[in-house]
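For reference, the structure is listed below as structure tokens.
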Amino acid sequence: MAARQTPDTLDMPVRLSTMEEVDRGLKPHQALAEAGRCIFCHDAPCVKGCPVGIDIPGFIRRISQRNMVGAARLIRQANPLGAVCARVCPSEAQCEKGCTSAGLSEPVAIACLQRYAMDQEMARGIRPVAAAEPTGRKVAVIGAGPAGLACSLALRSAGESVTVYDSSPQPGGVMRYGIPSYRLPREVLSREVDWILSAGVRFVPNTEIGRDVGMADLLREYDAVFIGAGLGAPAVPRIQGAGTAGVISAYAFLRAAGEPDGNAREQAMRAVIAQPLGRVVVLGGGNVAVDAACTALRLGAESVTIAYRRTRGEMPAWAEEIEFAEEEGVKLVFLLSPAEVLQADGKARGVRMTRMRLAEDDASGRPRPAPSGEPDETIGADTVVLAFGQAPNESILSSLPSLARSESGMIEIDVETGATSVAGVFAGGDAVNGGTTVVQAVSEGLRAAAGIRAYLDSVTPARD
């Protein structure tokens, strides 16, 4: 996982019987010992690896000095979702990747230390945001995910009036509806989200732009608009039998499983799949596939297999997440591509898989999978979970046809300011990058907030 496991991690039978958080975090003596390993580099490669540029040596020094309040404040100055990111972002590929201590033994556990400082702060109560004097300007934010929330707080702190629209009933976006609670407890997420909203950010739930509110209306009513709405519908694979009962989207599955109340979760799961999970096969190799697999185990699946068309080395999922899944009993099979969902009595009973080989690199820079010519293989399954990514959010994008798109169909922006091709409209997060990390979305939301303020200063000066 993003933060390495601590010695008091739940034992396997317990952790697979609940959606409660697996990693229990560092104890005080562990945090102090780990902070003591930092050599406080002058060039701080860890900071260069952090998308939001947290002063990592600074907050670790404060932990070593037992100044937990100061450590938390230093983190939160750069990242309003510090507790969330400490749990779900791939520190091994970001801040910890360049850690100088790795040459001596292993990287300092930066994510664990960040989580420790954030948890200490939340236990005491997060200090309220002191917003600047109102500027008299209004900004609409589409999407209450990490990009939208970060942008909203930065704007509100600067005195702008901010209203966030989201199609879901609660704020949080992918953090609430896509990341399982065994990785990100909902109480942790809610504490940080509530803190952001308490700054005076207005949240409008159950409102889809393009359906309930027109983009043209927002452009008339507000001085600027930020699009942080994330991605749209799951990608639809060309697999024979994909419409069979028992075949479900990983995104719908994770959203249903994310219901905090047991009864609500059961009802949501019945709406997604009306039969017991039984033998589960997850098709895909990303983090969503891994999350779906581990969640299926917790919801009573007899067995779970992830089938991926390339090899382990090409899996987009983070290495620590893959190891975590295997530790829990998820089986991984490679060089298999789904050709047909097999059925009996109208229900899924297995997947016929084409055996693959790796050919020349494709546009992604990874070896291209191609049929090997070997006989097909069948994997028995009662539930087939499709985890093939998501398409751009066409509901939002089609409401503003003049918005320039990238080659991948995402929103094209000025990377320095977040500005789109439409004056006064800015964007960030998954709607721009196609889906990366929570901390990257936070970074893009903060960058866009600065771009929005510069734009507003140029066209609508703040009132005195």
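Just remember, in the structure tokens the first chain shown is A, the second B, etc., residues are 1-based per chain, and ligands are 1-based in the order shown.
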
Exercise: Gln65 in chain A partners within 12 Å, only C-alpha atoms, chain neighbours under 3 positions left out, as a PyMOL selection string | chain A and resi 31-33+35-36+58-62+68-71

Based on DSSP run over this structure's backbone, return all residues of range 279-372 of chain A in strand (DSSP E), as number ranges by chain.
-> A: 279-283, 303-308, 331-334, 336-344, 347-361, 367-371

Write the selection just made, keeping N, CA and C atoms, as a compact mmCIF listing (two decimals), in the first residue's frame?
```
# COMPACT_ATOMS: atom_id res chain seq x y z
N ARG A 279 -17.40 -17.25 -7.38
CA ARG A 279 -16.05 -17.15 -7.95
C ARG A 279 -15.97 -15.86 -8.76
N VAL A 280 -15.02 -15.01 -8.42
CA VAL A 280 -14.92 -13.70 -9.06
C VAL A 280 -13.68 -13.64 -9.94
N VAL A 281 -13.86 -13.15 -11.17
CA VAL A 281 -12.74 -12.86 -12.06
C VAL A 281 -12.77 -11.37 -12.36
N VAL A 282 -11.66 -10.68 -12.10
CA VAL A 282 -11.54 -9.26 -12.39
C VAL A 282 -10.68 -9.12 -13.64
N LEU A 283 -11.20 -8.42 -14.64
CA LEU A 283 -10.49 -8.22 -15.90
C LEU A 283 -9.89 -6.83 -15.91
N SER A 303 -13.55 -17.10 -4.27
CA SER A 303 -12.19 -16.94 -4.77
C SER A 303 -12.17 -15.73 -5.67
N VAL A 304 -10.98 -15.14 -5.83
CA VAL A 304 -10.84 -13.96 -6.69
C VAL A 304 -9.59 -14.10 -7.55
N THR A 305 -9.76 -13.90 -8.85
CA THR A 305 -8.65 -13.95 -9.79
C THR A 305 -8.61 -12.66 -10.60
N ILE A 306 -7.44 -12.07 -10.74
CA ILE A 306 -7.24 -10.94 -11.65
C ILE A 306 -6.58 -11.48 -12.91
N ALA A 307 -7.19 -11.25 -14.06
CA ALA A 307 -6.63 -11.68 -15.34
C ALA A 307 -6.19 -10.45 -16.12
N TYR A 308 -4.93 -10.46 -16.55
CA TYR A 308 -4.37 -9.29 -17.24
C TYR A 308 -3.71 -9.74 -18.54
N LYS A 331 -5.52 -14.30 -6.71
CA LYS A 331 -4.68 -14.98 -7.70
C LYS A 331 -4.52 -14.09 -8.92
N LEU A 332 -3.30 -13.97 -9.43
CA LEU A 332 -3.04 -13.19 -10.64
C LEU A 332 -2.64 -14.12 -11.77
N VAL A 333 -3.25 -13.94 -12.94
CA VAL A 333 -2.87 -14.70 -14.12
C VAL A 333 -2.58 -13.70 -15.24
N PHE A 334 -1.60 -14.03 -16.08
CA PHE A 334 -1.11 -13.07 -17.07
C PHE A 334 -1.18 -13.62 -18.49
N LEU A 336 -3.42 -13.20 -20.70
CA LEU A 336 -4.76 -13.71 -21.03
C LEU A 336 -5.67 -12.53 -21.30
N SER A 337 -6.35 -12.56 -22.46
CA SER A 337 -7.26 -11.49 -22.84
C SER A 337 -8.67 -12.06 -22.99
N PRO A 338 -9.69 -11.42 -22.39
CA PRO A 338 -11.04 -11.96 -22.44
C PRO A 338 -11.61 -11.97 -23.85
N ALA A 339 -12.17 -13.11 -24.25
CA ALA A 339 -12.79 -13.23 -25.57
C ALA A 339 -14.30 -13.40 -25.46
N GLU A 340 -14.75 -14.08 -24.41
CA GLU A 340 -16.19 -14.36 -24.29
C GLU A 340 -16.54 -14.67 -22.85
N VAL A 341 -17.66 -14.11 -22.39
CA VAL A 341 -18.21 -14.50 -21.10
C VAL A 341 -19.11 -15.70 -21.33
N LEU A 342 -18.77 -16.81 -20.72
CA LEU A 342 -19.55 -18.03 -20.88
C LEU A 342 -20.73 -17.99 -19.92
N GLN A 343 -21.85 -18.57 -20.33
CA GLN A 343 -23.05 -18.48 -19.50
C GLN A 343 -23.83 -19.78 -19.50
N ALA A 344 -24.66 -19.90 -18.48
CA ALA A 344 -25.60 -21.02 -18.38
C ALA A 344 -26.83 -20.48 -17.68
N LYS A 347 -26.79 -16.77 -16.84
CA LYS A 347 -25.88 -16.23 -15.84
C LYS A 347 -24.43 -16.58 -16.19
N ALA A 348 -23.51 -15.71 -15.77
CA ALA A 348 -22.10 -15.95 -16.05
C ALA A 348 -21.63 -17.21 -15.35
N ARG A 349 -20.84 -17.99 -16.07
CA ARG A 349 -20.27 -19.21 -15.50
C ARG A 349 -18.76 -19.32 -15.77
N GLY A 350 -18.24 -18.35 -16.51
CA GLY A 350 -16.81 -18.38 -16.76
C GLY A 350 -16.43 -17.40 -17.85
N VAL A 351 -15.13 -17.31 -18.13
CA VAL A 351 -14.62 -16.43 -19.17
C VAL A 351 -13.65 -17.22 -20.05
N ARG A 352 -13.91 -17.19 -21.34
CA ARG A 352 -12.97 -17.80 -22.28
C ARG A 352 -11.89 -16.77 -22.60
N MET A 353 -10.66 -17.15 -22.36
CA MET A 353 -9.55 -16.22 -22.48
C MET A 353 -8.64 -16.62 -23.63
N THR A 354 -8.24 -15.63 -24.43
CA THR A 354 -7.27 -15.84 -25.50
C THR A 354 -5.87 -15.70 -24.93
N ARG A 355 -5.02 -16.68 -25.22
CA ARG A 355 -3.63 -16.60 -24.75
C ARG A 355 -2.86 -15.58 -25.58
N MET A 356 -2.08 -14.76 -24.92
CA MET A 356 -1.39 -13.66 -25.58
C MET A 356 0.13 -13.82 -25.51
N ARG A 357 0.80 -13.04 -26.32
CA ARG A 357 2.25 -12.87 -26.24
C ARG A 357 2.54 -11.38 -26.34
N LEU A 358 3.74 -10.97 -25.97
CA LEU A 358 4.09 -9.56 -26.04
C LEU A 358 4.83 -9.27 -27.34
N ALA A 359 4.33 -8.26 -28.07
CA ALA A 359 4.94 -7.85 -29.33
C ALA A 359 5.64 -6.50 -29.13
N GLU A 360 5.79 -5.74 -30.21
CA GLU A 360 6.47 -4.45 -30.13
C GLU A 360 5.68 -3.47 -29.25
N ASP A 361 6.37 -2.42 -28.79
CA ASP A 361 5.72 -1.44 -27.92
C ASP A 361 4.60 -0.73 -28.66
N PRO A 367 4.93 -3.13 -24.11
CA PRO A 367 4.81 -4.14 -25.15
C PRO A 367 3.33 -4.40 -25.50
N ARG A 368 3.06 -4.50 -26.77
CA ARG A 368 1.68 -4.70 -27.23
C ARG A 368 1.30 -6.17 -27.11
N PRO A 369 0.17 -6.47 -26.47
CA PRO A 369 -0.26 -7.87 -26.40
C PRO A 369 -0.86 -8.31 -27.72
N ALA A 370 -0.51 -9.50 -28.16
CA ALA A 370 -1.02 -10.05 -29.41
C ALA A 370 -1.34 -11.52 -29.19
N PRO A 371 -2.35 -12.05 -29.89
CA PRO A 371 -2.69 -13.47 -29.74
C PRO A 371 -1.48 -14.36 -30.02
```

Could you check which of A:Ser64, A:Trp318, A:Lys27, A:Ser372 is closest to Pro90 in chain A, using only C-alpha atoms?
->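 Nearest to Pro90 in chain A: A:Trp318.
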
In terms of the shortest atom-to-atom distance over only C-alpha atoms, which of A:Ser167, A:Thr437, A:Ser161, A:Gln120 is closest to Glu133 in chain A?
-> A:Ser161

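Closest approach to Thr295 in chain A among A:Leu254, A:Leu197, A:Ala319, A:Val225: A:Leu254, based on only C-alpha atoms.
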
Of the candidates A:Val164, A:Met118, A:Ala242, A:Ile56, which one gets nearest to Ile39 in chain A if we count only C-alpha atoms?
-> A:Ile56

All residues 9 Å or closer to Gln440 in chain A, only C-alpha atoms, same chain fewer than 3 positions away omitted, as a PyMOL selection string = chain A and resi 50-52+146-147+429+436-437+443-445

Requested write-out: N, CA and C atoms of the selected residues, as a compact mmCIF listing (two decimals), in the first residue's frame:
```
# COMPACT_ATOMS: atom_id res chain seq x y z
N CYS A 50 7.39 15.23 -4.79
CA CYS A 50 6.02 15.45 -4.28
C CYS A 50 5.28 16.41 -5.20
N PRO A 51 4.17 16.00 -5.80
CA PRO A 51 3.45 16.87 -6.73
C PRO A 51 3.02 18.21 -6.15
N VAL A 52 2.81 18.29 -4.84
CA VAL A 52 2.40 19.56 -4.24
C VAL A 52 3.55 20.25 -3.52
N PRO A 146 -10.88 15.57 -5.36
CA PRO A 146 -9.67 16.22 -4.83
C PRO A 146 -9.29 17.50 -5.56
N ALA A 147 -9.41 17.54 -6.89
CA ALA A 147 -9.05 18.76 -7.62
C ALA A 147 -10.01 19.89 -7.28
N GLY A 429 -7.30 17.80 -12.68
CA GLY A 429 -7.68 16.48 -12.18
C GLY A 429 -7.89 15.48 -13.31
N THR A 436 -4.92 9.85 -12.55
CA THR A 436 -3.60 9.49 -12.00
C THR A 436 -3.73 9.27 -10.49
N THR A 437 -3.28 10.24 -9.69
CA THR A 437 -3.32 10.09 -8.24
C THR A 437 -4.11 11.23 -7.60
N SER A 443 -2.72 18.92 -6.73
CA SER A 443 -1.75 19.84 -7.31
C SER A 443 -2.36 20.65 -8.44
N GLU A 444 -3.10 19.98 -9.31
CA GLU A 444 -3.71 20.67 -10.44
C GLU A 444 -4.82 21.61 -10.00
N GLY A 445 -5.55 21.24 -8.95
CA GLY A 445 -6.58 22.13 -8.42
C GLY A 445 -5.99 23.39 -7.82
```

Do you know which residues are at most 8 Å from range 100-110 of chain A counting only C-alpha atoms, after dropping those on the same chain fewer than 4 positions away, and could you put them as a count of residues only?
-> 14

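Between CA of Phe253 in chain A and CA of Ala292 in chain A there is a distance of 7.3 Å.
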
Taking only C-alpha atoms into account, which of A:Leu277, A:Val272, A:Val384, A:Ala224 comes nearest Asp457 in chain A?
->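 Answer, going by the shortest atom-to-atom distance: A:Ala224.
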
What are the DSSP alpha helix (DSSP H) residues of range 309-343 of chain A, as number ranges by chain?
-> A: 319-328

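What separates CA of Ala256 in chain A from CA of Ala268 in chain A is a distance of 4.9 Å.
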
Kindly give the distance, in Å, that separates CA of Ile379 in chain A and CA of Ala317 in chain A, rounded to a single decimal.
->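 Distance between the two atoms: 21.8 Å.
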
All residues 10 Å or closer to Glu192 in chain A, only C-alpha atoms, same chain fewer than 3 positions away omitted, as a list in words = Pro80, Leu81, Gly82, Ala83, Val84, Met122, Ile126, Leu149, Gly172, Glu187, Val188, Leu189, Trp195, Ile196, Leu197 and Ser198 of chain A

At most 6 Å is the cut-off: for each residue in range 4-90 of chain A with any atom that close to an atom of range 177-186 of chain A, write down the nearest atom pair and the distance in Å rounded to one decimal, counting only C-alpha atoms, chain first then increasing number, as a Markdown table.
```
| residue | atom | partner | partner_atom | distance |
| --- | --- | --- | --- | --- |
| A:Met19 | CA | A:Tyr182 | CA | 5.0 |
| A:Glu20 | CA | A:Tyr182 | CA | 4.8 |
| A:Glu21 | CA | A:Tyr182 | CA | 3.9 |
| A:Val22 | CA | A:Tyr182 | CA | 5.7 |
```
